[in-house]
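For reference, run37.csv is printed below; it contains CSV, C-alpha atoms.
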```
chain,number,residue,atom,x,y,z
A,8,MET,CA,-1.8,-39.7,-41.7
A,9,ASN,CA,-3.9,-36.9,-43.4
A,10,ILE,CA,-5.8,-36.5,-40.1
A,11,LEU,CA,-2.6,-36.0,-38.2
A,12,TRP,CA,-1.4,-33.4,-40.7
A,13,LEU,CA,-4.8,-31.7,-40.4
A,14,ILE,CA,-4.6,-31.7,-36.6
A,15,GLY,CA,-1.0,-30.4,-36.8
A,16,ALA,CA,-2.0,-27.6,-39.2
A,17,ILE,CA,-4.9,-26.6,-36.9
A,18,LEU,CA,-2.7,-26.5,-33.9
A,19,LEU,CA,-0.1,-24.5,-35.8
A,20,LEU,CA,-2.8,-22.0,-36.9
A,21,ALA,CA,-4.1,-21.8,-33.3
A,22,VAL,CA,-0.7,-21.1,-32.0
A,23,LEU,CA,0.0,-18.6,-34.8
A,24,GLN,CA,-3.3,-16.7,-34.2
A,25,THR,CA,-2.7,-16.7,-30.5
A,26,PHE,CA,0.7,-15.2,-31.0
A,27,LEU,CA,-0.6,-12.6,-33.4
A,28,PHE,CA,-3.5,-11.4,-31.4
A,29,CYS,CA,-1.8,-11.5,-28.0
A,30,PHE,CA,1.5,-10.0,-29.1
A,31,PHE,CA,0.2,-7.4,-31.5
A,32,GLY,CA,-3.3,-7.0,-30.1
A,33,PHE,CA,-2.5,-3.7,-28.3
A,34,LYS,CA,-0.3,-2.3,-31.0
A,35,ARG,CA,-1.6,1.1,-32.2
A,36,VAL,CA,-4.8,0.6,-30.2
A,37,LYS,CA,-5.9,3.8,-28.4
A,38,TYR,CA,-8.7,4.2,-25.8
A,39,HIS,CA,-10.2,7.5,-24.5
A,40,ARG,CA,-12.9,8.1,-22.0
A,41,ALA,CA,-14.3,11.5,-20.8
A,42,PHE,CA,-17.5,13.1,-19.5
A,43,ASP,CA,-19.2,15.8,-21.5
A,44,ARG,CA,-19.1,18.0,-18.4
A,45,ARG,CA,-16.6,18.1,-15.5
A,46,CYS,CA,-18.9,19.6,-12.9
A,47,VAL,CA,-22.6,19.0,-12.4
A,48,TYR,CA,-25.1,19.1,-9.5
A,49,GLU,CA,-26.4,16.0,-7.8
A,50,GLY,CA,-29.4,14.6,-9.5
A,51,GLU,CA,-28.3,15.7,-12.9
A,52,SER,CA,-27.1,13.4,-15.7
A,53,VAL,CA,-23.9,13.5,-17.7
A,54,VAL,CA,-22.7,11.7,-20.9
A,55,MET,CA,-19.7,9.5,-20.6
A,56,ARG,CA,-18.1,9.0,-24.0
A,57,GLU,CA,-15.8,6.1,-24.9
A,58,VAL,CA,-13.6,6.2,-28.1
A,59,ILE,CA,-11.6,3.1,-29.1
A,60,SER,CA,-9.5,3.1,-32.2
A,61,ASN,CA,-7.4,0.4,-34.0
A,62,ARG,CA,-4.8,1.9,-36.3
A,63,LYS,CA,-3.4,-1.2,-37.8
A,64,ILE,CA,-4.5,-3.8,-40.4
A,65,LEU,CA,-4.7,-6.6,-37.9
A,66,PRO,CA,-8.3,-6.7,-36.3
A,67,VAL,CA,-8.9,-6.9,-32.6
A,68,PRO,CA,-11.4,-9.8,-32.2
A,69,TRP,CA,-12.4,-8.6,-28.7
A,70,LEU,CA,-11.4,-6.0,-26.2
A,71,ARG,CA,-12.7,-5.7,-22.7
A,72,VAL,CA,-12.5,-2.4,-20.9
A,73,GLU,CA,-13.0,-2.4,-17.1
A,74,ALA,CA,-12.9,0.5,-14.6
A,75,ARG,CA,-13.9,1.0,-11.0
A,76,MET,CA,-16.9,3.2,-10.8
A,77,ASP,CA,-18.7,4.5,-7.7
A,78,SER,CA,-22.2,3.2,-7.1
A,79,ASN,CA,-23.4,6.8,-6.9
A,80,LEU,CA,-22.9,7.0,-10.7
A,81,ARG,CA,-25.9,5.1,-12.2
A,82,PHE,CA,-25.8,4.2,-15.8
A,83,GLY,CA,-29.0,4.7,-17.8
A,84,SER,CA,-28.5,2.0,-20.4
A,85,MET,CA,-27.0,-1.5,-20.0
A,86,GLU,CA,-26.5,-2.2,-23.7
A,87,ASN,CA,-22.9,-3.6,-24.3
A,88,LEU,CA,-22.3,-2.8,-20.7
A,89,GLU,CA,-21.8,-4.8,-17.5
A,90,VAL,CA,-21.7,-3.5,-14.0
A,91,THR,CA,-20.7,-5.9,-11.3
A,92,GLY,CA,-21.2,-5.3,-7.6
A,93,ASP,CA,-22.0,-1.6,-8.2
A,94,LEU,CA,-18.3,-1.0,-8.4
A,95,HIS,CA,-17.0,-2.2,-11.8
A,96,HIS,CA,-18.0,-1.0,-15.2
A,97,ALA,CA,-17.0,-3.0,-18.2
A,98,SER,CA,-17.5,-2.5,-22.0
A,99,LEU,CA,-16.8,-5.0,-24.7
A,100,PHE,CA,-15.6,-4.0,-28.2
A,101,SER,CA,-14.7,-5.7,-31.4
A,102,LEU,CA,-12.7,-3.8,-34.0
A,103,GLY,CA,-11.7,-4.4,-37.5
A,104,GLY,CA,-8.5,-3.1,-39.1
A,105,TYR,CA,-8.2,0.7,-39.2
A,106,SER,CA,-11.5,1.2,-37.5
A,107,GLN,CA,-12.9,3.3,-34.6
A,108,ILE,CA,-15.9,2.9,-32.3
A,109,ARG,CA,-17.6,5.6,-30.3
A,110,ARG,CA,-20.0,4.9,-27.5
A,111,SER,CA,-22.0,7.2,-25.2
A,112,HIS,CA,-23.4,6.3,-21.8
A,113,TYR,CA,-25.9,8.4,-19.8
A,114,VAL,CA,-24.9,8.5,-16.2
A,115,GLN,CA,-27.0,9.9,-13.4
A,116,CYS,CA,-25.1,11.5,-10.5
A,117,LEU,CA,-27.0,10.4,-7.3
A,118,GLU,CA,-24.9,12.1,-4.6
A,119,ARG,CA,-22.4,15.0,-4.4
A,120,GLY,CA,-18.7,14.0,-4.4
A,121,TYR,CA,-15.5,13.9,-6.3
A,122,TYR,CA,-15.2,10.9,-8.6
A,123,PRO,CA,-11.8,10.4,-10.1
A,124,LEU,CA,-11.3,8.0,-13.0
A,125,ALA,CA,-7.5,7.7,-13.3
A,126,SER,CA,-7.1,4.5,-15.2
A,127,VAL,CA,-8.9,1.6,-16.9
A,128,SER,CA,-7.9,-2.0,-17.5
A,129,LEU,CA,-7.8,-3.3,-21.1
A,130,THR,CA,-7.9,-7.0,-21.9
A,131,THR,CA,-7.7,-8.7,-25.3
A,132,GLY,CA,-6.8,-12.1,-26.6
A,133,ASP,CA,-7.0,-14.7,-29.4
A,134,LEU,CA,-10.1,-15.6,-31.4
A,135,PHE,CA,-11.1,-18.5,-29.2
A,136,GLY,CA,-10.5,-16.8,-25.8
A,137,LEU,CA,-7.9,-19.4,-24.8
A,138,TRP,CA,-5.2,-16.8,-24.1
A,139,SER,CA,-5.4,-13.1,-23.1
A,140,VAL,CA,-3.2,-10.2,-22.2
A,141,SER,CA,-4.0,-7.1,-20.1
A,142,LYS,CA,-2.6,-3.7,-19.6
A,143,SER,CA,-3.6,-0.5,-17.7
A,144,GLU,CA,-4.4,2.7,-19.6
A,145,GLN,CA,-4.4,6.2,-18.0
A,146,VAL,CA,-7.5,8.2,-18.8
A,147,ASP,CA,-7.2,11.0,-16.3
A,148,SER,CA,-10.9,11.8,-16.3
A,149,SER,CA,-12.8,13.0,-13.2
A,150,LEU,CA,-16.3,14.2,-12.3
A,151,ILE,CA,-17.2,16.7,-9.6
A,152,VAL,CA,-20.8,16.6,-8.4
A,153,TYR,CA,-21.9,19.8,-6.5
A,154,PRO,CA,-24.4,19.6,-3.7
A,155,ALA,CA,-27.8,20.6,-5.2
A,156,PRO,CA,-29.1,24.0,-3.9
A,157,LEU,CA,-32.5,24.1,-2.2
A,158,ASP,CA,-35.4,26.2,-3.3
A,159,PRO,CA,-34.8,29.4,-1.4
A,160,SER,CA,-38.4,29.2,-0.1
A,161,GLU,CA,-37.4,25.9,1.6
A,162,MET,CA,-35.0,27.6,4.0
A,163,GLU,CA,-35.1,30.7,6.1
A,164,ILE,CA,-32.0,32.7,5.5
A,165,PRO,CA,-31.1,34.1,9.0
A,166,SER,CA,-31.2,37.7,7.8
A,167,ARG,CA,-31.1,39.5,4.6
A,168,LYS,CA,-28.1,41.5,5.7
A,169,TRP,CA,-26.0,40.1,2.9
A,170,GLN,CA,-27.7,42.2,0.3
A,171,GLY,CA,-24.9,44.5,-0.6
A,172,ASP,CA,-26.9,47.7,-1.4
A,173,VAL,CA,-29.7,47.3,1.2
A,174,VAL,CA,-29.4,50.0,3.8
A,175,LEU,CA,-28.7,48.7,7.3
A,176,HIS,CA,-27.6,50.6,10.4
A,177,ARG,CA,-24.9,48.2,11.6
A,178,TRP,CA,-21.3,48.3,12.6
A,179,ILE,CA,-20.1,48.6,9.0
A,180,GLN,CA,-18.4,51.8,8.1
A,181,PRO,CA,-20.7,54.4,6.4
A,182,ASP,CA,-20.6,54.3,2.6
A,183,PRO,CA,-19.2,57.5,1.1
A,184,TYR,CA,-21.3,57.1,-2.0
A,185,LEU,CA,-24.7,57.0,-0.2
A,186,VAL,CA,-25.6,60.5,1.0
A,187,ASN,CA,-28.8,60.7,3.0
A,188,GLY,CA,-28.7,64.3,4.3
A,189,ILE,CA,-26.9,67.3,5.6
A,190,ARG,CA,-26.2,68.5,9.1
A,191,ALA,CA,-24.1,71.0,11.0
A,192,TYR,CA,-20.4,70.4,11.3
A,193,THR,CA,-19.1,68.8,14.5
A,194,TYR,CA,-15.6,68.2,15.7
A,195,GLY,CA,-14.0,65.2,14.1
A,196,ASP,CA,-16.0,65.3,10.8
A,197,SER,CA,-13.8,64.7,7.7
A,198,PRO,CA,-13.1,67.7,5.5
A,199,ARG,CA,-14.1,65.6,2.6
A,200,ASP,CA,-17.7,65.5,3.9
A,201,VAL,CA,-18.1,69.3,3.8
A,202,HIS,CA,-21.1,70.4,1.7
A,203,TRP,CA,-19.9,73.7,0.3
A,204,ALA,CA,-23.1,74.7,-1.4
A,205,ALA,CA,-25.1,74.2,1.8
A,206,THR,CA,-22.4,76.0,3.8
A,207,ALA,CA,-22.6,79.0,1.5
A,208,ARG,CA,-26.4,79.0,1.7
A,209,THR,CA,-26.7,78.8,5.5
A,210,GLY,CA,-23.6,80.7,6.4
A,211,GLU,CA,-22.5,77.8,8.7
A,212,LEU,CA,-20.3,74.9,8.0
A,213,GLN,CA,-22.4,71.9,6.8
A,214,VAL,CA,-21.4,68.3,6.2
A,215,LYS,CA,-22.9,65.3,4.3
A,216,THR,CA,-24.3,62.4,6.3
A,217,HIS,CA,-24.1,58.8,4.9
A,218,ASP,CA,-26.1,55.7,5.0
A,219,TYR,CA,-24.7,52.3,6.0
A,220,THR,CA,-24.4,49.3,3.8
A,221,ALA,CA,-24.0,45.7,4.5
A,222,SER,CA,-20.6,44.0,4.3
A,223,PRO,CA,-19.8,42.8,0.8
A,224,LYS,CA,-18.1,39.7,2.1
A,225,LEU,CA,-19.6,36.6,3.4
A,226,LEU,CA,-17.5,33.9,5.1
A,227,CYS,CA,-18.9,30.5,5.8
A,228,LEU,CA,-17.4,28.2,8.5
A,229,PHE,CA,-18.5,24.6,8.1
A,230,ASN,CA,-18.2,22.1,10.9
A,231,VAL,CA,-18.1,18.4,10.1
A,232,GLN,CA,-18.4,17.2,13.8
A,233,ARG,CA,-21.8,16.0,14.9
A,234,ASP,CA,-21.0,17.1,18.5
A,235,GLU,CA,-18.2,18.6,20.4
A,236,THR,CA,-16.7,15.3,21.6
A,237,GLN,CA,-17.0,13.4,18.3
A,238,TRP,CA,-13.7,12.5,16.8
A,239,GLY,CA,-13.8,9.1,15.2
A,240,VAL,CA,-15.4,8.0,11.9
A,241,GLN,CA,-19.0,9.0,11.5
A,242,THR,CA,-21.6,6.7,9.9
A,243,LYS,CA,-23.7,7.7,6.9
A,244,GLU,CA,-26.7,8.2,9.1
A,245,ALA,CA,-24.7,10.6,11.3
A,246,GLN,CA,-23.6,12.6,8.3
A,247,LYS,CA,-27.2,13.4,7.1
A,248,PRO,CA,-27.5,16.8,9.0
A,249,MET,CA,-24.1,17.9,7.4
A,250,GLU,CA,-25.2,16.7,4.0
A,251,TYR,CA,-28.3,18.9,4.3
A,252,GLY,CA,-26.2,21.7,5.6
A,253,LEU,CA,-24.0,21.6,2.5
A,254,ARG,CA,-27.2,22.1,0.4
A,255,GLN,CA,-28.1,25.0,2.6
A,256,LEU,CA,-24.7,26.5,2.2
A,257,SER,CA,-24.8,26.0,-1.5
A,258,THR,CA,-28.2,27.9,-1.6
A,259,LEU,CA,-26.8,30.7,0.5
A,260,ALA,CA,-23.7,31.0,-1.7
A,261,HIS,CA,-25.8,31.2,-4.9
A,262,GLU,CA,-28.0,33.9,-3.3
A,263,ALA,CA,-25.0,35.9,-2.1
A,264,VAL,CA,-23.1,35.7,-5.5
A,265,SER,CA,-26.3,36.7,-7.4
A,266,MET,CA,-26.3,39.9,-5.2
A,267,GLY,CA,-22.7,40.7,-6.1
A,268,LEU,CA,-21.2,39.6,-2.8
A,269,GLU,CA,-17.9,37.8,-2.2
A,270,VAL,CA,-18.2,34.4,-0.5
A,271,GLY,CA,-15.5,32.4,1.2
A,272,LEU,CA,-15.2,29.0,3.0
A,273,TYR,CA,-13.3,27.5,5.9
A,274,THR,CA,-13.8,23.9,7.1
A,275,ASN,CA,-12.3,21.5,9.6
A,276,GLY,CA,-13.1,18.5,7.3
A,277,TYR,CA,-10.9,16.8,4.8
A,278,LEU,CA,-11.1,17.6,1.1
A,279,THR,CA,-10.8,14.5,-1.1
A,280,GLY,CA,-7.9,14.8,-3.5
A,281,TYR,CA,-6.0,17.5,-1.6
A,282,ASP,CA,-3.0,17.2,0.7
A,283,GLU,CA,-4.2,18.0,4.2
A,284,LYS,CA,-0.9,20.1,4.7
A,285,ASP,CA,-1.9,22.3,1.8
A,286,GLN,CA,-3.5,25.1,3.8
A,287,ASP,CA,-4.4,27.1,0.6
A,288,ALA,CA,-6.8,24.3,-0.3
A,289,TYR,CA,-8.6,24.5,3.1
A,290,VAL,CA,-8.7,28.3,3.3
A,291,MET,CA,-10.8,30.0,0.6
A,292,LEU,CA,-11.0,33.7,1.2
A,293,PRO,CA,-14.1,35.5,-0.1
A,294,GLU,CA,-14.3,35.7,-3.9
A,295,ALA,CA,-17.0,37.2,-6.1
A,296,GLY,CA,-18.5,36.0,-9.4
A,297,GLN,CA,-19.1,32.7,-11.0
A,298,MET,CA,-15.5,31.6,-10.8
A,299,GLY,CA,-15.5,32.2,-7.0
A,300,LEU,CA,-18.8,30.3,-6.7
A,301,ASP,CA,-17.4,27.3,-8.7
A,302,ARG,CA,-14.3,27.2,-6.5
A,303,LEU,CA,-16.5,27.1,-3.4
A,304,LEU,CA,-18.9,24.4,-4.8
A,305,GLU,CA,-16.0,22.2,-5.7
A,306,ARG,CA,-14.8,22.3,-2.2
A,307,LEU,CA,-18.2,21.4,-1.0
A,308,ALA,CA,-18.3,18.5,-3.4
A,309,ARG,CA,-14.9,17.2,-2.2
A,310,LEU,CA,-15.7,17.6,1.5
A,311,ASP,CA,-15.4,14.3,3.4
A,312,LEU,CA,-17.9,14.3,6.3
A,313,SER,CA,-16.7,11.0,7.8
A,314,HIS,CA,-14.2,12.6,10.1
A,315,SER,CA,-12.5,15.9,10.9
A,316,ARG,CA,-9.0,17.2,10.7
A,317,ILE,CA,-9.3,19.2,13.9
A,318,SER,CA,-11.9,20.1,16.5
A,319,PHE,CA,-14.1,23.0,15.4
A,320,HIS,CA,-13.4,25.2,18.4
A,321,SER,CA,-9.7,24.6,17.9
A,322,TYR,CA,-10.1,25.5,14.3
A,323,MET,CA,-11.9,28.7,15.2
A,324,ASP,CA,-9.0,29.6,17.5
A,325,TRP,CA,-6.6,29.2,14.6
A,326,ILE,CA,-8.8,31.4,12.4
A,327,ILE,CA,-8.9,34.1,15.0
A,328,SER,CA,-5.2,34.0,15.7
A,329,HIS,CA,-3.9,33.5,12.2
A,330,GLU,CA,-6.5,34.7,9.7
A,331,GLN,CA,-7.8,37.5,11.9
A,332,PRO,CA,-11.0,38.2,9.8
A,333,THR,CA,-12.6,41.6,10.2
A,334,GLY,CA,-15.4,43.5,8.5
A,335,MET,CA,-17.2,40.3,7.3
A,336,ASP,CA,-20.5,38.6,7.8
A,337,ILE,CA,-19.6,35.2,9.2
A,338,VAL,CA,-22.0,32.2,9.2
A,339,LEU,CA,-21.2,29.1,11.3
A,340,PHE,CA,-22.8,25.9,10.0
A,341,SER,CA,-22.7,23.5,12.9
A,342,ALA,CA,-24.8,20.5,14.0
A,343,TYR,CA,-24.4,21.5,17.6
A,344,ASP,CA,-24.2,24.6,19.8
A,345,SER,CA,-21.9,25.0,22.8
A,346,ASP,CA,-20.4,27.6,25.2
A,347,ARG,CA,-17.1,27.2,23.4
A,348,LEU,CA,-18.6,28.1,20.1
A,349,ARG,CA,-20.4,31.1,21.6
A,350,GLU,CA,-17.2,32.3,23.3
A,351,ARG,CA,-15.4,32.3,20.0
A,352,MET,CA,-18.4,33.9,18.2
A,353,ARG,CA,-18.1,36.8,20.6
A,354,THR,CA,-14.4,37.1,19.9
A,355,LEU,CA,-15.1,37.3,16.2
A,356,GLU,CA,-17.7,40.0,16.8
A,357,GLN,CA,-15.3,42.0,18.9
A,358,MET,CA,-12.9,41.9,15.9
A,359,GLY,CA,-15.5,43.7,13.8
A,360,ASN,CA,-17.5,40.9,12.3
A,361,SER,CA,-21.2,40.0,12.2
A,362,VAL,CA,-21.5,36.4,13.3
A,363,THR,CA,-24.5,34.0,12.9
A,364,LEU,CA,-24.8,30.4,14.1
A,365,TRP,CA,-26.7,28.1,11.8
A,366,PRO,CA,-27.3,24.9,13.7
A,367,MET,CA,-28.2,21.8,11.7
A,368,THR,CA,-30.7,19.3,13.2
A,369,ARG,CA,-30.2,15.6,12.9
A,370,GLU,CA,-33.4,15.4,10.9
A,371,GLY,CA,-31.8,17.5,8.2
A,372,GLY,CA,-33.5,20.8,9.0
A,373,SER,CA,-32.0,23.9,10.5
A,374,HIS,CA,-32.8,27.1,12.2
A,375,ALA,CA,-30.9,30.4,12.6
A,376,ALA,CA,-29.6,31.6,15.9
```
Conversion result in structure tokens:
Amino acid sequence: MNILWLIGAILLLAVLQTFLFCFFGFKRVKYHRAFDRRCVYEGESVVMREVISNRKILPVPWLRVEARMDSNLRFGSMENLEVTGDLHHASLFSLGGYSQIRRSHYVQCLERGYYPLASVSLTTGDLFGLWSVSKSEQVDSSLIVYPAPLDPSEMEIPSRKWQGDVVLHRWIQPDPYLVNGIRAYTYGDSPRDVHWAATARTGELQVKTHDYTASPKLLCLFNVQRDETQWGVQTKEAQKPMEYGLRQLSTLAHEAVSMGLEVGLYTNGYLTGYDEKDQDAYVMLPEAGQMGLDRLLERLARLDLSHSRISFHSYMDWIISHEQPTGMDIVLFSAYDSDRLRERMRTLEQMGNSVTLWPMTREGGSHAA
């Protein structure tokens, strides 16, 4: 009889502890996960910090935290960590009453991209693991990995005509602040250019002449099609020239911004995380400074190279008819050249732009044309 009472007591305690830990396990338990930096370059490492707290007297015997993680985020340490199938990251915790645990994981970012971490799955249960309960927790944490710029010596910039204060005799209007000489007045000269001291000295009307400066605005057009007829989903292998092109564009943008130029971006590809109907997301007019550079690099990080929204020549038609750019240095990053592209390049030049085609080879190199 005593054995029966003992068995009954054990069963009662088992049921009671199951009820307590399963019903109250998540009460006043908070989980937080975040990266120490929101934006990094590919190849760099970030720290992912986890904080779990239990604000009640009842302990949590075990708590499993699972989240879907991209295989391009590689964890440096596997202590108290499990990664299955290169897709799921799991941590295991045990908390006493009124306690908190902090953990840090070093994560290497292997490829550029946008990596959202919207939610995690939490699972807890009784002491013996016989019963468990789960719930989803919103963490709203994301990581943006920029394409790594190349060493400028690795790529030949088509021309140094984007250096804002380098004197170039081009189509750009003369700079009123750069005076390079004096000449006799001719019909059509602006009265503002009259040099009164030289006029008084020579007895004839003299005007100032000006040097020409490069355009302070650089507009990059990036084509995600590997050839003019390509429309379906592209393989990773087919995307390699465009991936290298993104690194080239990143390098060019860094160079231009360092010179004080404004840089903009148009692309016919999709941006991960943006509504394709949101034209403001896909049209970035030239901006200057670090803030403008960060906005451009974020778009390069989000760019999906697997397929396009619209053919590139049709997209150029839209830019010509709706955006009507003028007075800009335009660089076309494209894996192919064609008569259609050349025709539209001539149209952009007739609108008062300087246009350069930057073809990308399938081997990942490029040359300017």
So which residues touch Ser139 in chain A within 7 Å, counting all atoms listed in the file, skipping near sequence neighbours fewer than 4 positions away, as a PyMOL selection string? chain A and resi 29+130-133
With C-alpha atoms retained, export the selected residues as an mmCIF file, in the frame of the given file.
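What follows is the written file part.cif:
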```cif
data_model
loop_
_atom_site.group_PDB
_atom_site.id
_atom_site.type_symbol
_atom_site.label_atom_id
_atom_site.label_comp_id
_atom_site.auth_asym_id
_atom_site.auth_seq_id
_atom_site.Cartn_x
_atom_site.Cartn_y
_atom_site.Cartn_z
ATOM 1 C CA CYS A 29 -1.800 -11.500 -28.000
ATOM 2 C CA THR A 130 -7.900 -7.000 -21.900
ATOM 3 C CA THR A 131 -7.700 -8.700 -25.300
ATOM 4 C CA GLY A 132 -6.800 -12.100 -26.600
ATOM 5 C CA ASP A 133 -7.000 -14.700 -29.400
#
```
Kindly give the distance, in Å, that separates CA of Gln255 in chain A and CA of Met358 in chain A, rounded to a single decimal.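 Spanning CA of Gln255 in chain A to CA of Met358 in chain A is a straight-line distance of 26.3 Å.
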CA of Glu356 in chain A and CA of Gln331 in chain A, how far apart in Å?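 That distance, rounded to one decimal, is 11.3 Å.
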Can you pull out every residue within 9 Å of range 53-70 of chain A, counting only C-alpha atoms, but drop anything in the same chain fewer than 4 positions away, and send it as a ChimeraX atom specification? /A:27-28,31-45,47,98-116,129-134,136
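Excluding Asp311 in chain A itself and any same-chain residue fewer than 6 positions from it, the protein and nucleic acid residues within 8 Å of it, counting all atoms listed in the file, are Gly276, Tyr277, Leu278 and Thr279 of chain A.
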Just give me the gap between CA of Cys227 in chain A and CA of Thr274 in chain A in Å, one decimal is fine.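 So the two atoms, CA of Cys227 in chain A and CA of Thr274 in chain A, lie 8.4 Å apart.
With all atoms listed in the file as the atoms that count, the minimum distance from Phe229 in chain A to the choices A:Arg119, A:Arg254, A:His329, A:Arg347 is reached by A:Arg254.
Of the listed residues (A:Glu294, A:Asp287, A:Tyr281, A:His202), A:Glu294 comes nearest to Glu269 in chain A; the distances count all atoms listed in the file.
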Within 7 Å of (-16.1, 16.8, -4.4) in the file's own coordinates, which protein, DNA or RNA residues have an atom, counting all atoms listed in the file? List them as a VMD selection string. chain A and resid 119 to 121 151 to 153 279 305 to 310
Up to 10 Å from (-24.5, 30.9, -12.0) in the file's coordinates: name the residues, counting all atoms listed in the file, as a ChimeraX atom specification. /A:261-262,264-265,296-298,300-301
Using only C-alpha atoms, determine which residues lie at most 9 Å from range 312-320 of chain A, disregarding the query and same-chain residues fewer than 6 positions distant; provide the list as number ranges by chain. A: 229-232, 235-243, 245-246, 249-250, 274-277, 283, 341, 347-348, 351
Here is a test: counting all atoms listed in the file, which residue of A:Met335, A:Leu304, A:Ala207, A:Val146 is nearest to Ala260 in chain A?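 Distance minimum relative to Ala260 in chain A lands on A:Leu304.
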